[in-house]
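Shown next, in structure tokens, is the structure this report addresses.
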Amino acid sequence: MALWILNGLIWNEEAGRLDSRHVRVEDGLISEIVDGQEQPDTAGCEIIDAAGKLVSAGFIDMHVHLRDPGFEHKEDIITGTKSAAKGGFTTIACMPNTRPVTDTPETIEYIRSKAASEGVVNVLPYAAITKNELGRELTDFAALKEAGAIGFTDDGVGVQNAQMMKDAMALAHSLGMPIIAHCEDDSLVEGAAVSEGSFAKKHGLKGIPNESEAIHVGRDVLLAEATGVHYHVCHVSTEQSVRLIRLAKQIGVKVTAEVCPHHLVLSDEDIPGLDSNWKMNPPLRTPRDVAAVIEGLEDGTIDMIVTDHAPHSAEEKAKGMQLAPFGIVGFETAFPLLYTKFVRTGRWSLGFLLQRMTSDPAKVFGLASGRLKPGAPADITVVDLETERKVDPETFLSKSKNTPFGGWELYGFPVATIVAGRTVWADA
Ligand SMILES: NC(=O)N[C@@H](CC(=O)O)C(=O)O
Ligand SMILES: [Zn+2]
Ligand SMILES: [Zn+2]
């Protein structure tokens with residue numbers, strides 16, 4: 001049955017404004033977009049009334065943790081994809097730091113088949129660069145690609161050995177695959193939970209220095225230049241990393257990068273106390289770093305926004321700032337946070353934010369989705385831009401509630417999410 005999404009507002013990039021449009025969906029694809037003045041024949045069609053709501057290509061999140069297999073007490077493919085859908089995401093790419101680590105074709109196949117049968121959004125799995133993410137031995141890239149891996153990463157840890165990373169890049173390049181890097185030099189981090197900055201000083205904590213991230217970015221852009229691989233930098237958080245990526249792009253290195261909402265809206269100075277909901281990797285940096293990553297995103301040095309959705313259980317997070325695991329959940333607050341803090345304040349156009357969450361990641365990773373146009377997959381998000389709501393972690397569809405944004409009043413919550421023409425989530 002065809003579906004009409006009626007009277008929605010669609011971002012018009014040329015004119016820089018929202019236009020009223022009806023969107024028709026058939027056989028999983030967008031079939032037609034017509035002017036809001038027209039009265040389309042909707043006989044026999046399913047209808048979604050999107051009057052006054054934004055209708056966008058579904059959001060794409062190229063960095064998430066679904067915890068399945070192995071850590072299903074934190075999240076699984078069912079709850080993770082539901083949480084993504086509630087956040088307006090229609091395609092997500094999941095990290096391999098599962099148990100077992102996603103380092104064999106069997107685990108890639110497990111994720112793909114469970115996502116296809118029980119997940120509600122598109123799930124693209126990454127495979128590990130090294131076996132068990134231990135940094136000692138490369139995985140079987142060709143077999144993992146064959147099984148459906150979309151890239152290689154040891155996210156959760158940095159690849160410490162430069163020769164190992166160079167070999168990984170050369171091999172990935174020969175297969176036409178990207179390397180996605182969690183940039184962190186262990187020798188500079190050793191036991192620290194928060195960044196080197198005023199919060200660490202105030203509480204007498206050991207700090208994580210900015211160089212721990214940037215040193216890998218610098219090393220890796222040189223290795224990417226030498227090998228020719230598409231090199232993608234995870235969760236950029238420092239001024240120094242932005243500077244290195246900008247320079248690398250200027251000289252033609254094939255480098256792309258991502259940034260998380262929390263690194264755009266929070267600095268270490270916002271951490272209210274020893275609360276592990278504010279602990280993530282990379283850590284919240286200084287206001288100067290926040291300004292630099294915002295600028296990097298604005299000038300195209302950083303290509304896309306990702307959540308790094310990193311669920312952990314309440315018990316694990318209760319261990320305190322020093323011992324709790326790094327990570328915060330992200331799906332259900334990402335768009336409202338950025339819409340409220342950057343678009344409603346007038347700093348960004350709505351189109352800019354949408355691009356960085358839809359068409360830009362699609363372009364970088366060669367996805368068919370990410371655009372609202374006839375012929376494209378009917379992966380669509382409908383968003384209420386006008387109602388202010390309070391973030392209540394207890395209402396999250398994620399199994400985990402570890403967020404620093406509880407109680408924040410935000411605009412821009414999704415109200416319906418459509419994947420391949422099927423409504424997979426709608427606000428009750
Ligand atoms: N970002 C985090 O703080 N944690 C991630 C790991 C990672 O993304 O590096 C996790 O798996 O929990
Ligand atoms: Zn990481
Ligand atoms: Zn991650």
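Lettering and numbering for the structure tokens are positional, with chains as A, B, ... in the shown order, residues counted from 1 in each chain, and ligands counted from 1 in the shown order.
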
Compile a residue-level contact table for stretch 119-145 of chain A against stretch 103-108 of chain A at a cut-off of 6 Å, reporting for every qualifying residue the shortest atom pair and its distance in Å to one decimal, with only C-alpha atoms counted, rows ordered by chain and ascending number, as CSV.
residue,atom,partner,partner_atom,distance
A:Ala127,CA,A:Asp103,CA,5.6
A:Ala128,CA,A:Asp103,CA,5.1
A:Lys131,CA,A:Asp103,CA,5.9
A:Leu144,CA,A:Pro105,CA,5.1

Expected file contents, prior selection, N, CA and C atoms, as a PDB file, in the first residue's frame:
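The result, written out as out39.pdb:
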ATOM      1  N   ALA A 127      33.642  -4.091  11.333  1.00  0.00           N
ATOM      2  CA  ALA A 127      34.419  -5.205  11.878  1.00  0.00           C
ATOM      3  C   ALA A 127      35.682  -4.650  12.520  1.00  0.00           C
ATOM      4  N   ALA A 128      36.249  -5.449  13.429  1.00  0.00           N
ATOM      5  CA  ALA A 128      37.469  -5.027  14.117  1.00  0.00           C
ATOM      6  C   ALA A 128      38.665  -5.013  13.168  1.00  0.00           C
ATOM      7  N   LYS A 131      42.292  -8.769  15.874  1.00  0.00           N
ATOM      8  CA  LYS A 131      41.565  -9.837  16.553  1.00  0.00           C
ATOM      9  C   LYS A 131      41.361  -9.464  18.017  1.00  0.00           C
ATOM     10  N   LEU A 144      35.688 -10.542   6.075  1.00  0.00           N
ATOM     11  CA  LEU A 144      34.750  -9.678   6.806  1.00  0.00           C
ATOM     12  C   LEU A 144      34.004  -8.762   5.841  1.00  0.00           C
TER      13      LEU A 144
END

Set out as JSON lines a contact list for chain A and ligand 2 with a cut-off of 7 Å, giving each residue of chain A that qualifies its closest atom pair and distance in Å to one decimal, counting only C-alpha atoms and all ligand atoms, ordered by chain and rising residue number.
{"residue": "A:Asp155", "atom": "CA", "partner": "ligand 2", "partner_atom_place_in_ligand_line": "1 (Zn)", "distance": 4.5}
{"residue": "A:Gly156", "atom": "CA", "partner": "ligand 2", "partner_atom_place_in_ligand_line": "1 (Zn)", "distance": 4.4}
{"residue": "A:Val157", "atom": "CA", "partner": "ligand 2", "partner_atom_place_in_ligand_line": "1 (Zn)", "distance": 6.4}
{"residue": "A:His182", "atom": "CA", "partner": "ligand 2", "partner_atom_place_in_ligand_line": "1 (Zn)", "distance": 4.5}
{"residue": "A:Cys234", "atom": "CA", "partner": "ligand 2", "partner_atom_place_in_ligand_line": "1 (Zn)", "distance": 6.3}
{"residue": "A:His235", "atom": "CA", "partner": "ligand 2", "partner_atom_place_in_ligand_line": "1 (Zn)", "distance": 6.7}
{"residue": "A:Asn281", "atom": "CA", "partner": "ligand 2", "partner_atom_place_in_ligand_line": "1 (Zn)", "distance": 6.3}

Any chance you could export the current selection's N, CA and C atoms as a short mmCIF file (atom, residue, chain, number, x, y, z; two decimals), in the first residue's frame?
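The file below, part.cif, is the result:
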data_model
loop_
_atom_site.label_atom_id
_atom_site.label_comp_id
_atom_site.auth_asym_id
_atom_site.auth_seq_id
_atom_site.Cartn_x
_atom_site.Cartn_y
_atom_site.Cartn_z
N ASP A 155 37.24 0.52 17.57
CA ASP A 155 36.68 1.54 18.48
C ASP A 155 36.54 1.02 19.90
N GLY A 156 36.84 1.91 20.84
CA GLY A 156 36.92 1.56 22.25
C GLY A 156 38.37 1.68 22.69
N VAL A 157 39.26 1.33 21.76
CA VAL A 157 40.70 1.49 22.01
C VAL A 157 41.39 1.99 20.73
N HIS A 182 39.51 5.16 16.41
CA HIS A 182 39.41 5.70 17.77
C HIS A 182 40.84 6.13 18.09
N CYS A 234 37.21 9.06 14.43
CA CYS A 234 36.07 9.00 15.34
C CYS A 234 36.04 10.19 16.29
N HIS A 235 34.84 10.50 16.77
CA HIS A 235 34.59 11.45 17.87
C HIS A 235 35.71 12.46 18.14
N ASN A 281 34.39 8.80 26.56
CA ASN A 281 35.68 8.82 25.89
C ASN A 281 35.47 9.17 24.42
#

Practice item. Find the spatial neighbours of stretch 224-229 of chain A, counting only C-alpha atoms, within a cut-off of 7 Å - ignore same-chain residues fewer than 5 positions away - and output them as a ChimeraX atom specification. Key: /A:169-170,172-173,178,253-254

Dump as a PDB file, in the first residue's frame, selection limited to N, CA and C atoms:
ATOM      1  N   MET A 169      45.774  -0.170   7.060  1.00  0.00           N
ATOM      2  CA  MET A 169      45.371   0.805   6.039  1.00  0.00           C
ATOM      3  C   MET A 169      45.672   0.298   4.628  1.00  0.00           C
ATOM      4  N   ALA A 170      46.849  -0.279   4.471  1.00  0.00           N
ATOM      5  CA  ALA A 170      47.228  -0.776   3.140  1.00  0.00           C
ATOM      6  C   ALA A 170      46.258  -1.871   2.698  1.00  0.00           C
ATOM      7  N   ALA A 172      43.133  -2.438   3.872  1.00  0.00           N
ATOM      8  CA  ALA A 172      41.795  -1.871   3.666  1.00  0.00           C
ATOM      9  C   ALA A 172      41.737  -1.165   2.311  1.00  0.00           C
ATOM     10  N   HIS A 173      42.773  -0.412   1.995  1.00  0.00           N
ATOM     11  CA  HIS A 173      42.800   0.322   0.726  1.00  0.00           C
ATOM     12  C   HIS A 173      42.726  -0.630  -0.462  1.00  0.00           C
ATOM     13  N   PRO A 178      37.188   1.598   4.152  1.00  0.00           N
ATOM     14  CA  PRO A 178      37.735   2.629   5.042  1.00  0.00           C
ATOM     15  C   PRO A 178      38.251   2.080   6.372  1.00  0.00           C
ATOM     16  N   VAL A 253      44.880  14.592   1.551  1.00  0.00           N
ATOM     17  CA  VAL A 253      44.772  13.269   2.174  1.00  0.00           C
ATOM     18  C   VAL A 253      43.291  12.918   2.265  1.00  0.00           C
ATOM     19  N   LYS A 254      42.998  11.625   2.010  1.00  0.00           N
ATOM     20  CA  LYS A 254      41.587  11.201   2.014  1.00  0.00           C
ATOM     21  C   LYS A 254      41.130  10.952   3.445  1.00  0.00           C
TER      22      LYS A 254
END

Using 12 Å as the limit and counting only C-alpha atoms and all ligand atoms, can you tabulate each residue of chain A that touches ligand 3, with its shortest atom-to-atom distance in Å and the two atoms involved, as JSON lines?
{"residue": "A:Asp61", "atom": "CA", "partner": "ligand 3", "partner_atom_place_in_ligand_line": "1 (Zn)", "distance": 11.3}
{"residue": "A:Met62", "atom": "CA", "partner": "ligand 3", "partner_atom_place_in_ligand_line": "1 (Zn)", "distance": 9.8}
{"residue": "A:His63", "atom": "CA", "partner": "ligand 3", "partner_atom_place_in_ligand_line": "1 (Zn)", "distance": 6.1}
{"residue": "A:Val64", "atom": "CA", "partner": "ligand 3", "partner_atom_place_in_ligand_line": "1 (Zn)", "distance": 6.0}
{"residue": "A:His65", "atom": "CA", "partner": "ligand 3", "partner_atom_place_in_ligand_line": "1 (Zn)", "distance": 6.3}
{"residue": "A:Leu66", "atom": "CA", "partner": "ligand 3", "partner_atom_place_in_ligand_line": "1 (Zn)", "distance": 10.1}
{"residue": "A:Arg67", "atom": "CA", "partner": "ligand 3", "partner_atom_place_in_ligand_line": "1 (Zn)", "distance": 10.9}
{"residue": "A:Ala93", "atom": "CA", "partner": "ligand 3", "partner_atom_place_in_ligand_line": "1 (Zn)", "distance": 10.4}
{"residue": "A:Cys94", "atom": "CA", "partner": "ligand 3", "partner_atom_place_in_ligand_line": "1 (Zn)", "distance": 8.6}
{"residue": "A:Met95", "atom": "CA", "partner": "ligand 3", "partner_atom_place_in_ligand_line": "1 (Zn)", "distance": 6.6}
{"residue": "A:Pro96", "atom": "CA", "partner": "ligand 3", "partner_atom_place_in_ligand_line": "1 (Zn)", "distance": 9.2}
{"residue": "A:Asn97", "atom": "CA", "partner": "ligand 3", "partner_atom_place_in_ligand_line": "1 (Zn)", "distance": 8.5}
{"residue": "A:Thr98", "atom": "CA", "partner": "ligand 3", "partner_atom_place_in_ligand_line": "1 (Zn)", "distance": 11.3}
{"residue": "A:Tyr126", "atom": "CA", "partner": "ligand 3", "partner_atom_place_in_ligand_line": "1 (Zn)", "distance": 11.3}
{"residue": "A:Thr153", "atom": "CA", "partner": "ligand 3", "partner_atom_place_in_ligand_line": "1 (Zn)", "distance": 9.8}
{"residue": "A:Asp154", "atom": "CA", "partner": "ligand 3", "partner_atom_place_in_ligand_line": "1 (Zn)", "distance": 9.3}
{"residue": "A:Asp155", "atom": "CA", "partner": "ligand 3", "partner_atom_place_in_ligand_line": "1 (Zn)", "distance": 5.5}
{"residue": "A:Gly156", "atom": "CA", "partner": "ligand 3", "partner_atom_place_in_ligand_line": "1 (Zn)", "distance": 5.8}
{"residue": "A:Val157", "atom": "CA", "partner": "ligand 3", "partner_atom_place_in_ligand_line": "1 (Zn)", "distance": 9.1}
{"residue": "A:Gly158", "atom": "CA", "partner": "ligand 3", "partner_atom_place_in_ligand_line": "1 (Zn)", "distance": 11.1}
{"residue": "A:Ile180", "atom": "CA", "partner": "ligand 3", "partner_atom_place_in_ligand_line": "1 (Zn)", "distance": 10.5}
{"residue": "A:Ala181", "atom": "CA", "partner": "ligand 3", "partner_atom_place_in_ligand_line": "1 (Zn)", "distance": 9.8}
{"residue": "A:His182", "atom": "CA", "partner": "ligand 3", "partner_atom_place_in_ligand_line": "1 (Zn)", "distance": 7.6}
{"residue": "A:Cys183", "atom": "CA", "partner": "ligand 3", "partner_atom_place_in_ligand_line": "1 (Zn)", "distance": 10.8}
{"residue": "A:Val233", "atom": "CA", "partner": "ligand 3", "partner_atom_place_in_ligand_line": "1 (Zn)", "distance": 11.2}
{"residue": "A:Cys234", "atom": "CA", "partner": "ligand 3", "partner_atom_place_in_ligand_line": "1 (Zn)", "distance": 7.6}
{"residue": "A:His235", "atom": "CA", "partner": "ligand 3", "partner_atom_place_in_ligand_line": "1 (Zn)", "distance": 7.7}
{"residue": "A:Val236", "atom": "CA", "partner": "ligand 3", "partner_atom_place_in_ligand_line": "1 (Zn)", "distance": 11.3}
{"residue": "A:Glu258", "atom": "CA", "partner": "ligand 3", "partner_atom_place_in_ligand_line": "1 (Zn)", "distance": 11.2}
{"residue": "A:Val259", "atom": "CA", "partner": "ligand 3", "partner_atom_place_in_ligand_line": "1 (Zn)", "distance": 11.1}
{"residue": "A:Cys260", "atom": "CA", "partner": "ligand 3", "partner_atom_place_in_ligand_line": "1 (Zn)", "distance": 10.0}
{"residue": "A:Met280", "atom": "CA", "partner": "ligand 3", "partner_atom_place_in_ligand_line": "1 (Zn)", "distance": 9.5}
{"residue": "A:Asn281", "atom": "CA", "partner": "ligand 3", "partner_atom_place_in_ligand_line": "1 (Zn)", "distance": 7.9}
{"residue": "A:Pro282", "atom": "CA", "partner": "ligand 3", "partner_atom_place_in_ligand_line": "1 (Zn)", "distance": 9.2}
{"residue": "A:Val306", "atom": "CA", "partner": "ligand 3", "partner_atom_place_in_ligand_line": "1 (Zn)", "distance": 9.5}
{"residue": "A:Thr307", "atom": "CA", "partner": "ligand 3", "partner_atom_place_in_ligand_line": "1 (Zn)", "distance": 8.5}
{"residue": "A:Asp308", "atom": "CA", "partner": "ligand 3", "partner_atom_place_in_ligand_line": "1 (Zn)", "distance": 4.7}
{"residue": "A:His309", "atom": "CA", "partner": "ligand 3", "partner_atom_place_in_ligand_line": "1 (Zn)", "distance": 7.1}
{"residue": "A:Ala310", "atom": "CA", "partner": "ligand 3", "partner_atom_place_in_ligand_line": "1 (Zn)", "distance": 6.6}
{"residue": "A:Pro311", "atom": "CA", "partner": "ligand 3", "partner_atom_place_in_ligand_line": "1 (Zn)", "distance": 10.2}
{"residue": "A:Phe326", "atom": "CA", "partner": "ligand 3", "partner_atom_place_in_ligand_line": "1 (Zn)", "distance": 9.6}
{"residue": "A:Gly327", "atom": "CA", "partner": "ligand 3", "partner_atom_place_in_ligand_line": "1 (Zn)", "distance": 7.9}
{"residue": "A:Ile328", "atom": "CA", "partner": "ligand 3", "partner_atom_place_in_ligand_line": "1 (Zn)", "distance": 9.7}
{"residue": "A:Val329", "atom": "CA", "partner": "ligand 3", "partner_atom_place_in_ligand_line": "1 (Zn)", "distance": 10.5}
{"residue": "A:Gly330", "atom": "CA", "partner": "ligand 3", "partner_atom_place_in_ligand_line": "1 (Zn)", "distance": 10.9}

**Study point:** Secondary structure check, strand (DSSP E or B) residues of stretch 220-315 of chain A, as a PyMOL selection string
**Key:** chain A and resi 231-233+255-259+304-305+309
